file protein_32.cif (mmCIF, C-alpha atoms)
data_data
#
loop_
_atom_site.label_atom_id
_atom_site.label_comp_id
_atom_site.auth_asym_id
_atom_site.auth_seq_id
_atom_site.Cartn_x
_atom_site.Cartn_y
_atom_site.Cartn_z
CA MET A 452 -27.21 -43.45 -9.24
CA PHE A 453 -25.90 -46.97 -8.80
CA PRO A 454 -22.90 -48.68 -10.41
CA ILE A 455 -22.90 -51.51 -12.89
CA GLN A 456 -19.67 -52.94 -14.30
CA ILE A 457 -20.11 -53.12 -18.04
CA ASN A 458 -18.16 -52.45 -21.16
CA GLY A 459 -18.64 -48.78 -21.93
CA ARG A 460 -19.21 -49.26 -25.66
CA TYR A 461 -22.62 -50.81 -24.92
CA LYS A 462 -23.94 -47.79 -23.01
CA ASN A 463 -25.64 -46.12 -26.02
CA LYS A 464 -27.22 -49.42 -27.06
CA ILE A 465 -28.65 -49.89 -23.58
CA LYS A 466 -30.06 -46.35 -23.52
CA TYR A 467 -31.58 -46.84 -27.00
CA ILE A 468 -33.13 -50.20 -26.04
CA SER A 469 -34.50 -48.84 -22.75
CA ARG A 470 -36.17 -45.89 -24.47
CA THR A 471 -37.62 -48.14 -27.18
CA VAL A 472 -39.01 -50.55 -24.58
CA VAL A 473 -40.62 -47.66 -22.70
CA ILE A 474 -42.31 -46.32 -25.84
CA ILE A 475 -43.58 -49.75 -26.92
CA SER A 476 -44.80 -50.52 -23.39
CA VAL A 477 -46.74 -47.26 -23.21
CA ILE A 478 -48.37 -47.91 -26.61
CA ILE A 479 -49.38 -51.44 -25.62
CA ALA A 480 -50.73 -50.24 -22.27
CA PHE A 481 -52.76 -47.51 -24.04
CA PHE A 482 -54.65 -50.04 -26.14
CA THR A 483 -54.94 -52.68 -23.41
CA PHE A 484 -55.83 -51.01 -20.10
CA PRO A 485 -58.37 -48.42 -18.94
CA THR A 486 -57.32 -44.76 -19.02
CA TYR A 487 -56.49 -44.43 -15.33
CA ILE A 488 -54.27 -47.53 -15.55
CA ASN A 489 -52.63 -46.16 -18.72
CA VAL A 490 -51.45 -43.07 -16.83
CA ALA A 491 -49.99 -45.16 -13.99
CA ALA A 492 -48.36 -47.61 -16.40
CA ALA A 493 -46.87 -44.82 -18.50
CA SER A 494 -45.47 -43.16 -15.38
CA MET A 495 -44.01 -46.46 -14.17
CA PHE A 496 -42.36 -47.25 -17.53
CA ALA A 497 -40.98 -43.71 -17.76
CA LEU A 498 -39.50 -44.09 -14.26
CA ILE A 499 -37.89 -47.41 -15.21
CA GLY A 500 -36.36 -45.82 -18.30
CA TYR A 501 -35.07 -42.92 -16.23
CA LEU A 502 -33.46 -45.27 -13.72
CA ILE A 503 -31.82 -47.29 -16.48
CA GLU A 504 -30.26 -44.15 -17.93
CA LYS A 505 -28.95 -43.20 -14.49
CA ILE A 506 -26.92 -46.39 -14.24
CA VAL A 507 -23.24 -45.63 -13.67
CA PHE A 508 -21.23 -47.30 -16.42
CA VAL A 509 -17.85 -48.52 -15.18
CA TYR A 510 -14.87 -48.76 -17.53
CA ASN A 511 -12.18 -51.25 -16.53
CA ILE A 512 -8.72 -49.98 -17.47
CA VAL A 513 -5.37 -51.55 -16.68
CA HIS A 514 -2.30 -49.42 -16.00
CA VAL A 515 0.95 -51.41 -16.31
CA ASN A 516 3.84 -49.98 -14.30
CA PRO A 517 7.45 -50.45 -15.49
CA PHE A 518 9.03 -53.90 -15.15
CA PRO A 519 12.75 -54.73 -14.87
CA GLN A 520 14.54 -55.37 -18.16
CA LYS A 521 15.32 -58.91 -17.02
CA ILE A 522 14.44 -60.89 -13.92
CA ARG A 523 17.41 -63.01 -12.90
CA LYS A 524 17.21 -65.43 -10.01
CA ASN A 525 19.41 -65.40 -6.92
CA GLN A 526 21.29 -62.20 -7.74
CA HIS A 527 20.41 -60.28 -4.62
CA VAL A 528 22.95 -60.56 -1.80
CA SER A 529 21.84 -58.35 1.08
CA ILE A 530 20.22 -55.15 2.31
CA GLY A 531 22.63 -52.48 3.50
CA TYR A 532 21.58 -49.57 5.68
CA GLY A 533 23.26 -47.02 7.91
CA TYR A 534 24.67 -43.53 7.59
CA ILE A 535 26.86 -42.02 4.90
CA ASP A 536 28.28 -39.33 7.18
CA ASP A 537 30.08 -39.59 10.53
CA GLU A 538 27.52 -37.24 12.12
CA MET A 539 24.79 -39.81 11.37
CA ASN A 540 22.50 -37.31 9.62
CA ARG A 541 22.32 -38.91 6.17
CA PRO A 542 20.70 -42.36 6.30
CA PHE A 543 20.90 -44.78 3.39
CA ILE A 544 19.34 -48.04 2.23
CA TYR A 545 21.33 -50.01 -0.33
CA LEU A 546 20.37 -53.17 -2.20
CA VAL A 547 23.45 -55.28 -2.88
CA TYR A 548 23.62 -57.59 -5.92
CA LYS A 549 26.19 -60.12 -7.10
CA THR A 550 26.82 -58.47 -10.45
CA LYS A 551 27.15 -54.93 -11.71
CA THR A 552 24.72 -55.67 -14.55
CA GLU A 553 21.98 -56.70 -12.12
CA ALA A 554 22.56 -53.65 -9.93
CA ILE A 555 22.38 -51.30 -12.93
CA GLU A 556 19.21 -52.87 -14.30
CA HIS A 557 17.43 -52.64 -10.95
CA PHE A 558 18.44 -49.02 -10.42
CA GLN A 559 17.11 -48.19 -13.90
CA PHE A 560 13.89 -49.97 -12.96
CA PHE A 561 13.51 -47.89 -9.77
CA GLU A 562 14.46 -44.75 -11.67
CA SER A 563 11.70 -45.36 -14.23
CA ILE A 564 9.16 -45.64 -11.41
CA VAL A 565 10.14 -42.23 -10.01
CA LEU A 566 9.87 -40.86 -13.57
CA GLY A 567 13.57 -40.03 -13.69
CA LYS A 568 13.27 -37.53 -10.82
CA LEU A 569 15.75 -38.63 -8.16
CA ASN A 570 13.93 -36.55 -5.51
CA ASP A 571 10.91 -38.78 -4.92
CA GLU A 572 8.92 -36.36 -2.80
CA ASP A 573 5.65 -37.64 -4.31
CA ASN A 574 6.40 -41.18 -3.07
CA ASN A 575 6.01 -42.80 -6.48
CA LEU A 576 8.26 -45.63 -5.29
CA ILE A 577 7.13 -47.36 -2.10
CA LEU A 578 9.77 -48.58 0.36
CA SER A 579 8.02 -50.76 2.92
CA ILE A 580 9.59 -52.68 5.80
CA VAL A 581 7.50 -55.39 7.47
CA PHE A 582 8.66 -56.69 10.84
CA GLU A 583 8.01 -60.35 11.54
CA ASP A 584 9.60 -60.08 15.01
CA SER A 585 12.66 -58.40 16.53
CA LEU A 586 15.08 -60.19 14.16
CA ARG A 587 13.16 -61.14 11.01
CA TYR A 588 11.99 -58.50 8.54
CA SER A 589 11.22 -57.98 4.86
CA LEU A 590 11.77 -55.08 2.47
CA TYR A 591 9.13 -54.54 -0.22
CA ILE A 592 9.76 -52.16 -3.11
CA TYR A 593 6.96 -51.42 -5.57
CA PRO A 594 5.27 -48.58 -7.49
CA SER A 595 2.66 -46.64 -5.57
CA PRO A 596 -0.95 -47.41 -6.59
CA PHE A 597 -1.37 -43.62 -6.64
CA ARG A 598 1.72 -43.06 -8.76
CA ILE A 599 1.49 -39.88 -10.81
CA SER A 600 1.50 -41.65 -14.18
CA ALA A 601 -1.35 -43.96 -13.07
CA LEU A 602 -3.42 -40.96 -12.02
CA HIS A 603 -2.73 -39.31 -15.37
CA THR A 604 -4.09 -42.42 -17.09
CA VAL A 605 -7.31 -42.19 -15.08
CA ASN A 606 -7.67 -38.45 -15.71
CA ALA A 607 -7.14 -38.89 -19.45
CA VAL A 608 -9.92 -41.48 -19.67
CA GLU A 609 -12.30 -39.63 -17.34
CA SER A 610 -12.00 -36.44 -19.42
CA THR A 611 -13.80 -38.24 -22.27
CA LEU A 612 -16.66 -39.67 -20.19
CA ASP A 613 -20.15 -38.50 -19.32
CA LYS A 614 -21.24 -37.63 -15.79
CA ASN A 615 -22.69 -41.10 -15.17
CA GLU A 616 -19.54 -42.94 -16.26
CA ARG A 617 -16.66 -44.00 -14.02
CA VAL A 618 -13.22 -45.56 -14.33
CA ASN A 619 -12.20 -48.67 -12.42
CA LEU A 620 -8.39 -48.60 -12.36
CA LYS A 621 -6.46 -51.85 -12.08
CA VAL A 622 -2.70 -51.55 -11.63
CA MET A 623 -0.18 -54.22 -12.63
CA SER A 624 3.20 -53.91 -10.91
CA TYR A 625 6.40 -55.82 -10.29
CA ILE A 626 7.28 -56.17 -6.60
CA ASP A 627 10.83 -56.50 -5.28
CA PHE A 628 10.65 -58.65 -2.15
CA LEU A 629 13.73 -59.09 0.04
CA PRO A 630 13.43 -61.14 3.27
CA ALA A 631 16.25 -60.67 5.77
CA ILE A 632 17.51 -61.55 9.26
CA TYR A 633 18.87 -58.83 11.52
CA THR A 634 22.20 -59.60 13.21
CA GLY A 635 23.04 -56.23 14.76
CA GLU A 636 23.04 -55.17 18.39
CA GLN A 637 20.73 -52.12 18.27
CA GLU A 638 16.94 -52.32 18.20
CA LEU A 639 16.08 -52.79 14.50
CA LYS A 640 12.77 -50.91 14.61
CA GLU A 641 14.36 -47.93 16.33
CA ILE A 642 17.00 -47.70 13.60
CA PHE A 643 14.40 -47.32 10.86
CA LYS A 644 12.17 -45.06 12.96
CA LYS A 645 15.13 -42.70 13.24
CA PHE A 646 15.58 -42.88 9.46
CA ILE A 647 12.08 -41.47 9.01
CA GLN A 648 13.02 -38.44 11.11
CA GLN A 649 16.14 -37.79 9.02
CA THR A 650 14.84 -37.83 5.47
CA PRO A 651 15.78 -37.83 2.70
CA ILE A 652 16.99 -41.42 2.79
CA GLU A 653 19.49 -42.19 0.04
CA PHE A 654 18.35 -45.26 -1.89
CA ASN A 655 20.78 -46.97 -4.23
CA THR A 656 21.79 -50.32 -5.71
CA CYS A 657 25.28 -51.80 -5.34
CA TYR A 658 27.36 -54.77 -6.44
CA LEU A 659 30.21 -56.78 -4.96
CA ASN A 660 33.74 -56.35 -6.32
CA ASN A 661 36.41 -58.36 -4.51
CA GLY A 662 34.45 -58.13 -1.29
CA GLU A 663 33.89 -54.37 -1.64
CA ILE A 664 30.40 -52.90 -2.02
CA ILE A 665 30.28 -50.45 -4.95
CA PRO A 666 27.26 -48.10 -5.36
CA ILE A 667 25.92 -47.83 -8.91
CA ARG A 668 25.12 -44.11 -8.93
CA LYS A 669 26.83 -41.14 -7.34
CA LYS A 670 23.42 -39.49 -7.17
CA PRO A 671 21.00 -41.95 -5.54
CA ILE A 672 17.22 -41.72 -5.36
CA LYS A 673 16.23 -39.57 -2.40
CA LYS A 674 13.30 -41.02 -0.49
CA TYR A 675 11.14 -38.95 1.85
CA HIS A 676 8.84 -41.76 2.91
CA LEU A 677 9.45 -45.14 4.51
CA ARG A 678 6.61 -47.42 5.54
CA LEU A 679 7.15 -49.39 8.75
CA VAL A 680 4.55 -51.98 9.73
CA GLU A 681 4.16 -55.15 11.78
CA ARG A 682 3.06 -58.28 9.95
CA SER A 683 0.04 -58.52 12.28
CA GLU A 684 -1.09 -55.03 11.20
CA LEU A 685 -1.40 -55.91 7.52
CA GLY A 686 -4.82 -56.35 5.91
CA ASP A 687 -5.88 -58.33 2.87
CA VAL A 688 -5.68 -55.26 0.63
CA ASP A 689 -2.05 -54.54 1.55
CA VAL A 690 0.47 -55.48 -1.12
CA GLU A 691 2.83 -56.84 1.54
CA SER A 692 0.29 -59.39 2.77
CA LYS A 693 0.51 -61.29 -0.54
CA ILE A 694 4.13 -62.42 -0.05
CA GLU A 695 5.22 -63.78 3.32
CA TRP A 696 8.69 -63.95 4.84
CA PHE A 697 10.90 -66.97 4.30
CA ASN A 698 14.43 -67.74 5.41
CA PRO A 699 16.69 -66.26 2.71
CA ILE A 700 19.58 -68.55 3.69
CA GLU A 701 17.70 -71.84 3.71
CA GLN A 702 15.53 -71.09 0.67
CA ARG A 703 17.69 -69.22 -1.82
CA ASP A 704 15.99 -71.02 -4.71
CA LYS A 705 12.42 -70.38 -3.54
CA GLU A 706 10.02 -69.21 -6.26
CA ILE A 707 8.03 -66.11 -5.29
CA SER A 708 4.53 -65.62 -6.65
CA SER A 709 1.47 -63.62 -5.65
#

call {"tool": "encode", "arguments": {"input": "protein_32.cif", "output": "structure tokens"}}
result
Amino acid sequence: MFPIQINGRYKNKIKYISRTVVIISVIIAFFTFPTYINVAAASMFALIGYLIEKIVFVYNIVHVNPFPQKIRKNQHVSIGYGYIDDEMNRPFIYLVYKTKTEAIEHFQFFESIVLGKLNDEDNNLILSIVFEDSLRYSLYIYPSPFRISALHTVNAVESTLDKNERVNLKVMSYIDFLPAIYTGEQELKEIFKKFIQQTPIEFNTCYLNNGEIIPIRKKPIKKYHLRLVERSELGDVDVESKIEWFNPIEQRDKEISS
């Protein structure tokens, strides 16, 4: 079988037309050619019809992941990370926003991606850190292409299809992109590598109140996966390759598109 991308509703018409063409071709050949040629022609037309019916019909479906309630510009302040406990066993990553409203809306957005389950053991929400060099890095947050709800969409469609029909899934997602500059003394990569060994990582949103950072939820999202990658290791198919790092201090008003 070989694939052809075509609207699935035309599949029965194509099969009907192919069979009709085969029958007409055989009849014409019968009255036009000698007997031995008729047999060969009939066999050839039957084979063509068989091959046409073995075409794999591809259905294009689009799965739209949750989007934030509102997208406000220049609300993000910084990325916070470290340990909640003095024993340094409970790592956290916090996103800090200027307003409480923005912090709440973004947490609700992340919560919808993990389907309301704060233990994200299935890695529905991707946390990805891309290192530009030893000081510059970016945090990408986006729904997994293999998110459970997306797979359910595919399975629901595939359950109604024939054996020679396939689903081509296209996923539309909002990406949170946060470029940053590291100013600490420790090796940045080693900090996050240690985080991976100490999961779950507590992921939360916060806001500033008189210079104090206030977490939105007492129960954060617990992350068991953290992607760490060098910019040079990214390929064209990687989500992170679509948006490149820029200086967050010099370009606070930069428009991001991909």

call {"tool": "closest_residue", "arguments": {"input": "protein_32.cif", "among": "A:Pro542, A:Pro519, A:Pro671, A:Gly531", "to": "Asn655 of chain A", "atoms": "all atoms listed in the file"}}
result
A:Pro671

call {"tool": "residues_near_point", "arguments": {"input": "protein_32.cif", "point": "(31.3, -59.4, -3.7)", "cutoff": "9 Å", "atoms": "all atoms listed in the file", "output": "MDAnalysis selection string"}}
result
chainID A and resid 528 547:550 658:664

call {"tool": "closest_residue", "arguments": {"input": "protein_32.cif", "among": "A:Ile535, A:Val622, A:Leu569, A:Ile647", "to": "Tyr675 of chain A", "atoms": "all atoms listed in the file"}}
result
A:Ile647

call {"tool": "atom_distance", "arguments": {"input": "protein_32.cif", "atom1": "atom CA of Lys621 of chain A", "atom2": "atom CA of Ser579 of chain A"}}
result
20.9 Å

call {"tool": "atom_distance", "arguments": {"input": "protein_32.cif", "atom1": "atom CA of Ile667 of chain A", "atom2": "atom CA of Leu566 of chain A"}}
result
18.1 Å

call {"tool": "residues_near_point", "arguments": {"input": "protein_32.cif", "point": "(19.3, -44.7, 1.7)", "cutoff": "12 Å", "atoms": "only C-alpha atoms", "output": "mmCIF file with C-alpha atoms, in the coordinates of the input"}}
result
data_model
loop_
_atom_site.group_PDB
_atom_site.id
_atom_site.type_symbol
_atom_site.label_atom_id
_atom_site.label_comp_id
_atom_site.auth_asym_id
_atom_site.auth_seq_id
_atom_site.Cartn_x
_atom_site.Cartn_y
_atom_site.Cartn_z
ATOM 1 C CA ILE A 530 20.220 -55.150 2.310
ATOM 2 C CA GLY A 531 22.630 -52.480 3.500
ATOM 3 C CA TYR A 532 21.580 -49.570 5.680
ATOM 4 C CA GLY A 533 23.260 -47.020 7.910
ATOM 5 C CA TYR A 534 24.670 -43.530 7.590
ATOM 6 C CA ILE A 535 26.860 -42.020 4.900
ATOM 7 C CA ASP A 536 28.280 -39.330 7.180
ATOM 8 C CA ASN A 540 22.500 -37.310 9.620
ATOM 9 C CA ARG A 541 22.320 -38.910 6.170
ATOM 10 C CA PRO A 542 20.700 -42.360 6.300
ATOM 11 C CA PHE A 543 20.900 -44.780 3.390
ATOM 12 C CA ILE A 544 19.340 -48.040 2.230
ATOM 13 C CA TYR A 545 21.330 -50.010 -0.330
ATOM 14 C CA LEU A 546 20.370 -53.170 -2.200
ATOM 15 C CA LEU A 578 9.770 -48.580 0.360
ATOM 16 C CA PHE A 643 14.400 -47.320 10.860
ATOM 17 C CA PHE A 646 15.580 -42.880 9.460
ATOM 18 C CA ILE A 647 12.080 -41.470 9.010
ATOM 19 C CA GLN A 649 16.140 -37.790 9.020
ATOM 20 C CA THR A 650 14.840 -37.830 5.470
ATOM 21 C CA PRO A 651 15.780 -37.830 2.700
ATOM 22 C CA ILE A 652 16.990 -41.420 2.790
ATOM 23 C CA GLU A 653 19.490 -42.190 0.040
ATOM 24 C CA PHE A 654 18.350 -45.260 -1.890
ATOM 25 C CA ASN A 655 20.780 -46.970 -4.230
ATOM 26 C CA THR A 656 21.790 -50.320 -5.710
ATOM 27 C CA CYS A 657 25.280 -51.800 -5.340
ATOM 28 C CA PRO A 666 27.260 -48.100 -5.360
ATOM 29 C CA LYS A 670 23.420 -39.490 -7.170
ATOM 30 C CA PRO A 671 21.000 -41.950 -5.540
ATOM 31 C CA ILE A 672 17.220 -41.720 -5.360
ATOM 32 C CA LYS A 673 16.230 -39.570 -2.400
ATOM 33 C CA LYS A 674 13.300 -41.020 -0.490
ATOM 34 C CA TYR A 675 11.140 -38.950 1.850
ATOM 35 C CA HIS A 676 8.840 -41.760 2.910
ATOM 36 C CA LEU A 677 9.450 -45.140 4.510
#

call {"tool": "resolve_selection", "arguments": {"input": "protein_32.cif", "expression": "the PyMOL selection byres ((chain A and resi 590) around 8)", "output": "short mmCIF file (atom, residue, chain, number, x, y, z; two decimals) with C-alpha atoms, in the frame of the given file"}}
result
data_model
loop_
_atom_site.label_atom_id
_atom_site.label_comp_id
_atom_site.auth_asym_id
_atom_site.auth_seq_id
_atom_site.Cartn_x
_atom_site.Cartn_y
_atom_site.Cartn_z
CA LEU A 578 9.77 -48.58 0.36
CA SER A 579 8.02 -50.76 2.92
CA ILE A 580 9.59 -52.68 5.80
CA VAL A 581 7.50 -55.39 7.47
CA TYR A 588 11.99 -58.50 8.54
CA SER A 589 11.22 -57.98 4.86
CA TYR A 591 9.13 -54.54 -0.22
CA ILE A 592 9.76 -52.16 -3.11
CA ASP A 627 10.83 -56.50 -5.28
CA PHE A 628 10.65 -58.65 -2.15
CA LEU A 629 13.73 -59.09 0.04
CA PRO A 630 13.43 -61.14 3.27
CA ALA A 631 16.25 -60.67 5.77
#
